[in-house]
>>> print(open('start_37.txt').read())   # compact mmCIF, C-alpha atoms and all ligand atoms
# COMPACT_ATOMS: atom_id res chain seq x y z
CA MET C 1 5.21 14.13 25.78
CA ALA C 2 6.27 16.93 23.45
CA THR C 3 4.83 16.52 19.96
CA ASP C 4 8.25 16.13 18.30
CA GLN C 5 9.07 13.35 20.77
CA ALA C 6 5.79 11.66 19.91
CA TYR C 7 6.71 11.98 16.22
CA CYS C 8 10.09 10.29 16.80
CA ALA C 9 8.41 7.56 18.86
CA ALA C 10 5.94 6.95 16.02
CA LEU C 11 8.80 6.66 13.51
CA LEU C 12 10.57 4.15 15.75
CA ALA C 13 7.36 2.15 16.19
CA ILE C 14 6.85 2.05 12.40
CA VAL C 15 10.42 0.78 11.90
CA LEU C 16 9.78 -1.98 14.46
CA LEU C 17 6.46 -2.87 12.80
CA GLY C 18 8.29 -2.94 9.46
CA MET C 19 10.85 -5.42 10.81
CA PHE C 20 8.07 -7.57 12.20
CA THR C 21 6.22 -7.30 8.87
CA LEU C 22 9.31 -8.39 6.94
CA TYR C 23 9.71 -11.41 9.23
CA GLY C 24 6.00 -12.30 8.93
CA ALA C 25 6.01 -11.86 5.16
CA LEU C 26 9.14 -14.01 4.69
CA LYS C 27 7.61 -16.74 6.87
CA ASN C 28 4.14 -16.25 5.32
CA LEU C 29 2.72 -16.13 8.86
CA SER C 30 -0.72 -14.66 8.17
CA PRO C 31 -1.36 -14.85 4.42
CA TYR C 32 -4.32 -13.19 2.69
CA GLY C 33 -5.72 -13.29 -0.85
CA ARG C 34 -4.09 -15.66 -3.32
CA LEU C 35 -1.44 -16.70 -0.80
CA ARG C 36 -4.08 -17.84 1.68
CA PRO C 37 -4.48 -21.65 1.56
CA SER C 38 -7.61 -22.55 -0.44
CA HIS C 39 -9.24 -24.41 2.45
CA LYS C 40 -9.19 -21.16 4.43
CA ALA C 41 -10.05 -18.72 1.67
CA SER C 42 -13.82 -18.60 2.20
CA GLN C 43 -13.93 -20.08 5.68
CA THR C 44 -16.26 -18.31 8.10
CA GLN C 45 -15.68 -20.54 11.10
CA GLY C 46 -12.69 -22.16 12.71
CA ARG C 47 -9.85 -21.21 14.98
CA GLU C 48 -8.61 -18.18 13.02
CA LEU C 49 -10.79 -15.08 13.40
CA THR C 50 -11.53 -13.35 10.09
CA LEU C 51 -13.63 -10.50 8.65
CA PRO C 52 -15.25 -10.13 5.22
CA SER C 53 -12.49 -8.84 2.96
CA SER C 54 -14.08 -5.51 1.93
CA VAL C 55 -15.01 -4.66 5.57
CA ALA C 56 -11.44 -5.44 6.57
CA TRP C 57 -9.98 -3.12 3.91
CA LEU C 58 -12.38 -0.30 4.82
CA LEU C 59 -11.49 -0.66 8.49
CA PHE C 60 -7.73 -0.86 8.38
CA GLU C 61 -7.15 1.78 5.68
CA SER C 62 -9.37 4.39 7.38
CA PRO C 63 -6.70 5.81 9.79
CA GLN C 64 -4.57 6.97 6.85
CA LEU C 65 -7.37 9.46 6.17
CA PHE C 66 -8.44 10.57 9.65
CA ALA C 67 -5.08 10.32 11.51
CA PHE C 68 -3.34 12.38 8.81
CA ALA C 69 -6.17 14.95 8.69
CA LEU C 70 -6.54 15.34 12.48
CA THR C 71 -2.79 15.68 12.98
CA PHE C 72 -2.44 18.12 10.11
CA TRP C 73 -5.24 20.43 11.23
CA LEU C 74 -5.09 20.12 15.03
CA LEU C 75 -1.35 19.97 15.80
CA ALA C 76 0.00 22.72 13.54
CA ASP C 77 -0.55 26.49 13.84
CA GLY C 78 -0.58 27.44 10.18
CA HIS C 79 -0.21 25.80 6.79
CA ALA C 80 1.79 27.05 3.83
CA VAL C 81 0.85 26.19 0.25
CA PRO C 82 3.36 23.28 -0.23
CA ALA C 83 2.04 21.58 2.92
CA LEU C 84 -1.55 22.10 1.73
CA VAL C 85 -0.73 20.60 -1.68
CA LEU C 86 0.81 17.52 -0.04
CA PHE C 87 -2.21 17.28 2.27
CA ALA C 88 -4.55 17.33 -0.75
CA LEU C 89 -2.53 14.68 -2.64
CA TRP C 90 -2.46 12.34 0.38
CA GLN C 91 -6.16 12.73 1.11
CA ALA C 92 -7.12 12.26 -2.56
CA HIS C 93 -5.15 9.02 -2.72
CA TYR C 94 -6.60 7.65 0.52
CA LEU C 95 -10.16 8.71 -0.32
CA TYR C 96 -9.76 6.33 -3.24
CA ARG C 97 -7.67 3.63 -1.52
CA GLY C 98 -9.58 3.68 1.77
CA LEU C 99 -13.19 4.23 0.68
CA ILE C 100 -13.65 3.47 -3.04
CA TYR C 101 -11.13 0.72 -3.81
CA PRO C 102 -12.32 -1.67 -1.04
CA LEU C 103 -15.83 -1.53 -2.53
CA ARG C 104 -14.54 -2.07 -6.09
CA ARG C 105 -12.53 -5.21 -5.22
CA ARG C 106 -14.32 -8.30 -6.48
CA ASP C 107 -13.73 -10.42 -3.40
CA ARG C 108 -17.21 -11.25 -2.15
CA GLY C 109 -17.14 -14.32 0.10
CA LYS C 110 -13.43 -13.86 0.75
CA ARG C 111 -12.20 -13.50 4.33
CA PHE C 112 -9.30 -11.50 5.75
CA PRO C 113 -7.44 -12.49 8.98
CA LEU C 114 -8.49 -10.30 11.95
CA LEU C 115 -4.87 -10.24 13.11
CA ASN C 116 -3.88 -8.52 9.85
CA VAL C 117 -6.74 -6.01 10.26
CA ILE C 118 -5.57 -5.04 13.76
CA PHE C 119 -1.96 -4.85 12.64
CA GLY C 120 -2.87 -2.86 9.51
CA PHE C 121 -5.04 -0.44 11.55
CA LEU C 122 -2.22 0.18 14.04
CA PHE C 123 0.36 0.73 11.31
CA ASN C 124 -1.93 3.06 9.33
CA LEU C 125 -2.75 5.05 12.49
CA LEU C 126 0.95 5.61 13.22
CA ASN C 127 1.79 6.26 9.57
CA GLY C 128 -1.10 8.70 9.02
CA TYR C 129 -0.08 10.58 12.17
CA ALA C 130 3.67 10.60 11.32
CA ASN C 131 3.17 11.82 7.74
CA GLY C 132 0.54 14.40 8.76
CA TYR C 133 2.92 15.69 11.42
CA ALA C 134 5.94 15.74 9.09
CA VAL C 135 4.15 17.65 6.34
CA SER C 136 2.56 20.22 8.66
CA HIS C 137 5.73 20.90 10.68
CA ALA C 138 8.53 20.87 8.07
CA ALA C 139 10.34 24.20 7.72
CA HIS C 140 11.24 23.46 4.09
CA LEU C 141 7.52 23.18 3.19
CA THR C 142 6.71 26.75 4.22
CA GLY C 143 7.83 28.59 1.09
CA ASN C 144 6.48 28.33 -2.46
CA ASP C 145 10.04 27.96 -3.76
CA TRP C 146 9.74 24.29 -2.68
CA PHE C 147 7.73 23.67 -5.88
CA ALA C 148 10.81 24.58 -7.96
CA THR C 149 13.23 22.20 -6.16
CA PRO C 150 14.35 18.91 -7.78
CA TRP C 151 12.99 17.08 -4.71
CA PHE C 152 9.45 18.21 -5.43
CA ILE C 153 9.59 18.00 -9.23
CA ILE C 154 11.22 14.55 -9.44
CA GLY C 155 9.14 13.30 -6.52
CA LEU C 156 5.92 14.41 -8.17
CA LEU C 157 6.91 12.70 -11.44
CA VAL C 158 7.88 9.44 -9.72
CA ALA C 159 4.73 9.47 -7.58
CA GLY C 160 2.51 10.26 -10.58
CA VAL C 161 3.96 7.42 -12.68
CA GLY C 162 3.72 5.05 -9.70
CA TRP C 163 0.13 6.03 -8.98
CA TRP C 164 -0.86 5.42 -12.57
CA ILE C 165 0.86 1.99 -12.76
CA ASN C 166 -0.76 0.97 -9.47
CA PHE C 167 -4.23 2.21 -10.50
CA ASP C 168 -4.01 0.56 -13.91
CA ALA C 169 -2.77 -2.76 -12.46
CA ASP C 170 -5.50 -2.80 -9.77
CA ASN C 171 -8.11 -2.16 -12.49
CA ARG C 172 -6.75 -5.03 -14.58
CA LEU C 173 -7.04 -7.37 -11.58
CA ILE C 174 -10.59 -6.21 -10.89
CA ALA C 175 -11.50 -6.77 -14.58
CA LEU C 176 -10.32 -10.40 -14.38
CA ARG C 177 -13.52 -11.15 -12.43
CA SER C 178 -15.93 -9.08 -14.52
CA ASP C 179 -17.84 -12.27 -15.36
CA GLY C 180 -18.68 -12.80 -11.67
CA SER C 181 -16.06 -15.51 -11.11
CA THR C 182 -14.11 -15.63 -7.84
CA GLY C 183 -11.03 -17.58 -8.92
CA TYR C 184 -7.67 -16.50 -10.29
CA ARG C 185 -6.46 -15.92 -13.86
CA ILE C 186 -3.21 -14.79 -15.41
CA PRO C 187 -3.17 -10.95 -15.36
CA GLN C 188 -2.64 -9.44 -18.82
CA GLY C 189 -1.62 -6.10 -20.30
CA GLY C 190 -0.11 -2.93 -18.87
CA LEU C 191 2.94 -3.55 -16.73
CA PHE C 192 1.76 -7.13 -16.12
CA ARG C 193 3.45 -7.86 -19.47
CA GLN C 194 6.73 -7.30 -17.63
CA VAL C 195 6.17 -8.29 -13.99
CA SER C 196 3.88 -10.42 -11.82
CA ALA C 197 3.41 -7.72 -9.16
CA ALA C 198 2.68 -4.64 -11.31
CA ASN C 199 0.40 -3.12 -8.63
CA TYR C 200 3.15 -3.43 -5.98
CA PHE C 201 5.76 -1.92 -8.31
CA GLY C 202 3.46 1.10 -8.78
CA GLU C 203 2.85 1.31 -5.02
CA ILE C 204 6.59 1.35 -4.26
CA LEU C 205 7.20 4.08 -6.87
CA LEU C 206 4.27 6.10 -5.52
CA TRP C 207 5.62 6.20 -1.97
CA SER C 208 9.21 6.74 -3.12
CA GLY C 209 7.92 9.82 -4.95
CA TRP C 210 6.06 10.92 -1.83
CA ALA C 211 9.24 10.60 0.26
CA LEU C 212 11.04 12.87 -2.23
CA MET C 213 8.18 15.39 -2.49
CA SER C 214 7.88 15.73 1.29
CA LEU C 215 11.58 15.10 2.04
CA SER C 216 10.69 13.73 5.46
CA TRP C 217 11.72 10.86 7.74
CA ALA C 218 8.08 9.80 7.82
CA GLY C 219 8.05 9.49 4.02
CA LEU C 220 11.29 7.49 4.03
CA VAL C 221 10.10 5.16 6.79
CA PHE C 222 6.84 4.57 4.88
CA VAL C 223 8.79 3.49 1.77
CA LEU C 224 10.89 1.09 3.86
CA PHE C 225 7.76 -0.38 5.42
CA THR C 226 6.16 -0.75 1.97
CA LEU C 227 9.27 -2.57 0.69
CA ALA C 228 9.30 -4.87 3.74
CA ASN C 229 5.65 -5.67 3.16
CA LEU C 230 5.42 -5.98 -0.60
CA VAL C 231 8.78 -7.35 -1.83
CA PRO C 232 8.37 -10.76 -0.11
CA ARG C 233 4.69 -10.86 -1.15
CA ALA C 234 5.64 -10.08 -4.76
CA TRP C 235 8.16 -12.94 -4.73
CA ALA C 236 5.67 -15.38 -3.16
CA SER C 237 2.95 -14.32 -5.65
CA HIS C 238 5.33 -14.85 -8.57
CA GLN C 239 6.14 -18.38 -7.35
CA TRP C 240 2.44 -19.02 -6.78
CA TYR C 241 1.56 -17.97 -10.38
CA ARG C 242 4.29 -20.19 -11.82
CA ALA C 243 3.12 -23.17 -9.79
CA GLN C 244 -0.56 -22.51 -10.53
CA PHE C 245 -0.49 -21.88 -14.30
CA ALA C 246 1.52 -24.09 -16.67
CA ALA C 247 1.13 -21.39 -19.35
CA TYR C 248 2.47 -18.59 -17.14
CA PRO C 249 4.75 -16.36 -19.28
CA ALA C 250 8.33 -17.49 -18.57
CA GLU C 251 9.81 -14.08 -19.39
CA ARG C 252 7.69 -12.26 -16.80
CA LYS C 253 9.81 -10.90 -13.92
CA VAL C 254 8.80 -10.65 -10.23
CA LEU C 255 8.59 -6.92 -9.48
CA ILE C 256 11.07 -4.75 -11.38
CA PRO C 257 10.70 -4.63 -15.18
CA TYR C 258 13.63 -6.27 -17.06
CA LEU C 259 15.62 -6.79 -13.84
CA TRP C 260 13.92 -8.99 -11.21
N1 LIG R 1 1.69 0.35 0.95
C1 LIG R 1 1.56 -0.92 1.36
O1 LIG R 1 2.34 -1.37 2.23
C2 LIG R 1 0.47 -1.79 0.79
C3 LIG R 1 0.22 -3.02 1.39
C4 LIG R 1 -0.73 -3.86 0.84
C5 LIG R 1 -1.43 -3.47 -0.29
N2 LIG R 1 -1.21 -2.26 -0.85
C6 LIG R 1 -1.93 -1.87 -2.08
O2 LIG R 1 -3.29 -2.25 -1.98
C7 LIG R 1 -3.75 -2.80 -3.21
C8 LIG R 1 -4.27 -4.23 -3.02
O3 LIG R 1 -3.23 -5.03 -2.47
P1 LIG R 1 -3.37 -6.62 -2.39
O4 LIG R 1 -2.19 -7.09 -1.61
O5 LIG R 1 -4.74 -7.03 -1.95
O6 LIG R 1 -3.21 -7.00 -3.95
P2 LIG R 1 -3.51 -8.38 -4.68
O7 LIG R 1 -3.19 -9.53 -3.76
O8 LIG R 1 -2.83 -8.32 -5.98
O9 LIG R 1 -5.11 -8.41 -4.87
C9 LIG R 1 -5.81 -7.30 -5.35
C10 LIG R 1 -7.25 -7.72 -5.75
O10 LIG R 1 -7.21 -8.42 -7.01
C11 LIG R 1 -7.65 -9.76 -6.86
N3 LIG R 1 -6.70 -10.58 -7.61
C12 LIG R 1 -5.35 -10.65 -7.40
N4 LIG R 1 -4.78 -11.47 -8.29
C13 LIG R 1 -5.79 -11.93 -9.08
C14 LIG R 1 -5.82 -12.84 -10.19
N5 LIG R 1 -4.69 -13.40 -10.64
N6 LIG R 1 -7.01 -13.14 -10.76
C15 LIG R 1 -8.15 -12.54 -10.29
N7 LIG R 1 -8.18 -11.66 -9.25
C16 LIG R 1 -7.01 -11.36 -8.64
C17 LIG R 1 -7.60 -10.06 -5.37
O11 LIG R 1 -8.56 -11.05 -5.05
P3 LIG R 1 -8.40 -12.00 -3.72
O12 LIG R 1 -8.60 -11.08 -2.56
O13 LIG R 1 -9.46 -13.00 -3.90
O14 LIG R 1 -7.00 -12.57 -3.76
C18 LIG R 1 -7.92 -8.69 -4.78
O15 LIG R 1 -9.31 -8.46 -4.79
C19 LIG R 1 -2.56 -2.75 -4.18
O16 LIG R 1 -2.66 -1.61 -4.99
C20 LIG R 1 -1.36 -2.65 -3.26
O17 LIG R 1 -0.29 -1.98 -3.90
C21 LIG R 1 -0.27 -1.41 -0.33
>>> encode(input="start_37.txt", output="structure tokens")
Amino acid sequence: MATDQAYCAALLAIVLLGMFTLYGALKNLSPYGRLRPSHKASQTQGRELTLPSSVAWLLFESPQLFAFALTFWLLADGHAVPALVLFALWQAHYLYRGLIYPLRRRDRGKRFPLLNVIFGFLFNLLNGYANGYAVSHAAHLTGNDWFATPWFIIGLLVAGVGWWINFDADNRLIALRSDGSTGYRIPQGGLFRQVSAANYFGEILLWSGWALMSLSWAGLVFVLFTLANLVPRAWASHQWYRAQFAAYPAERKVLIPYLW
């Protein structure tokens, strides 16, 4: 198969996985973390196969690093500066998300469904490949004048703000267990003052910025997948917090500050 046909096939597969993800998320088919029923949260035996949470995260995030890198370096003849900058930004994010963040999460004893690991690995493999291909083959990313376009400038700003919100929110969640506890508390500070799913809001901004910066179908499809995955989970988490904590701030929105 020609490489551009493989790219289109990967995009189509990601769209189908996104539709399946949306369905699964709305039906809460294979919940993890706080949405996982408490009797299953630390279960090591039983009918559902699971992995330790940090191992699961290390495993299923890894293709975003290697699939993107292999595609970028092996399938393209040359690389202009804009493509190299996007390569560096992607790899820097996934070095953190794929290798450092899973080890920082305070989720010892927690289990993650094996089905989600397999699904996440497959999606990340396709997504790493599609984005690596898009960035290394796009004609508009071959000239340095790309850095002066509104696409790149606005995209970089949106992605930078999103990355910071996401990083800050993840750190606040990690800090909630600094005393060694394993349970749940009401997140405080940062964008959690406004919304229950501050980390997901940052994530959605980050990949929206990436889609603008790269101006690619792969970037757009990744944002759509992220929305399909995280919007229903944000809603379910918000309901979970309200049911769990009588003192949960009534003014806190679900995902989008001041709006929803
Ligand atoms: N692009 C995408 O499609 C995508 C998909 C999924 C995740 N992500 C990103 O990956 C990161 C992690 O996602 P996630 O779904 O695991 O986020 P999460 O459900 O909010 O959990 C993040 C970590 O914080 C802990 N935690 C959450 N709420 C807590 C609370 N109220 N009190 C104490 N600890 C709490 C969790 O522990 P437990 O494990 O014990 O619940 C987990 O270790 C986020 O930055 C997210 O944006 C991206």
>>> closest_residue(input="start_37.txt", among="C:Ala250, C:Leu206, C:Leu65, C:Ala228", to="Arg193 of chain C", atoms="all atoms listed in the file")
C:Ala250
>>> residues_around(input="start_37.txt", residues="Leu230 of chain C", least_positions_apart="6", cutoff="9 Å", atoms="all atoms listed in the file", output="ChimeraX atom specification")
/C:22,25,197,200-201,203-204
>>> write_last_selection(input="start_37.txt", atoms="C-alpha atoms", output="JSON list (two decimals), in the coordinates of the input")
[["chain", "number", "residue", "atom", "x", "y", "z"],
["C", 22, "LEU", "CA", 9.31, -8.39, 6.94],
["C", 25, "ALA", "CA", 6.01, -11.86, 5.16],
["C", 197, "ALA", "CA", 3.41, -7.72, -9.16],
["C", 200, "TYR", "CA", 3.15, -3.43, -5.98],
["C", 201, "PHE", "CA", 5.76, -1.92, -8.31],
["C", 203, "GLU", "CA", 2.85, 1.31, -5.02],
["C", 204, "ILE", "CA", 6.59, 1.35, -4.26]]
>>> residues_around(input="start_37.txt", residues="Trp73 of chain C", least_positions_apart="2", cutoff="12 Å", atoms="only C-alpha atoms", output="PyMOL selection string")
chain C and resi 66-71+75-79+83-84+87+129+132-133+135-137
>>> atom_distance(input="start_37.txt", atom1="atom CA of Phe121 of chain C", atom2="atom CA of Ala56 of chain C")
9.5 Å
>>> closest_residue(input="start_37.txt", among="C:Trp163, C:Trp260, C:Phe192, C:Trp90", to="Gly219 of chain C", atoms="only C-alpha atoms")
C:Trp90
>>> closest_residue(input="start_37.txt", among="C:Gln64, C:Asn116, C:Thr182, C:Ser208", to="Thr21 of chain C", atoms="all atoms listed in the file")
C:Asn116
>>> closest_residue(input="start_37.txt", among="C:Leu35, C:Val223, C:Leu86, C:Ile186", to="Ser237 of chain C", atoms="all atoms listed in the file")
C:Leu35
>>> atom_distance(input="start_37.txt", atom1="atom CA of Gly98 of chain C", atom2="atom CA of Ser54 of chain C")
10.2 Å
>>> atom_distance(input="start_37.txt", atom1="atom CA of Arg34 of chain C", atom2="atom O8 of ligand LIG 1 (chain R)")
7.9 Å
>>> residues_near_ligand(input="start_37.txt", ligand="ligand LIG 1 (chain R)", cutoff="6 Å", atoms="only C-alpha atoms and all ligand atoms", output="list in words")
Gly33, Arg34, Arg105, Arg106, Asp107, Asn166, Asp170, Leu173, Ile174, Leu176, Arg177, Gly183, Tyr184, Arg185, Ile186, Pro187, Asn199, Tyr200, Glu203, Thr226 and Asn229 of chain C
>>> residues_around(input="start_37.txt", residues="Val221 of chain C", least_positions_apart="4", cutoff="9 Å", atoms="all atoms listed in the file", output="PyMOL selection string")
chain C and resi 11+14-15+18+127+211+216-217+225-226
>>> residues_near_point(input="start_37.txt", point="(6.2, -11.7, -6.0)", cutoff="9 Å", atoms="all atoms listed in the file", output="PyMOL selection string")
chain C and resi 195-197+200+230-241+253-255
>>> residues_around(input="start_37.txt", residues="Arg97 of chain C", least_positions_apart="2", cutoff="10 Å", atoms="only C-alpha atoms", output="list of chain:residue names")
C:Trp57, C:Leu58, C:Glu61, C:Ser62, C:Gln64, C:Leu65, C:Gln91, C:Ala92, C:His93, C:Tyr94, C:Leu95, C:Leu99, C:Ile100, C:Tyr101, C:Pro102, C:Leu103, C:Phe167
>>> closest_residue(input="start_37.txt", among="C:Ala13, C:Ile154, C:Ala246, C:Val117", to="Pro52 of chain C", atoms="all atoms listed in the file")
C:Val117
>>> closest_residue(input="start_37.txt", among="C:Tyr32, C:Arg108, C:Val55, C:Leu89", to="Gly180 of chain C", atoms="all atoms listed in the file")
C:Arg108
>>> residues_around(input="start_37.txt", residues="segment 140-145 of chain C", least_positions_apart="2", cutoff="6 Å", atoms="only C-alpha atoms", output="list in words")
Ala80, Pro82, Ala83, Ala138, Phe147 and Ala148 of chain C
>>> axis_aligned_box(input="start_37.txt", around="segment 99-106 of chain C", padding_each_side="8 Å", output="AutoDock Vina command-line options")
--center_x -13.5 --center_y -2.0 --center_z -2.9 --size_x 20.7 --size_y 28.5 --size_z 23.2
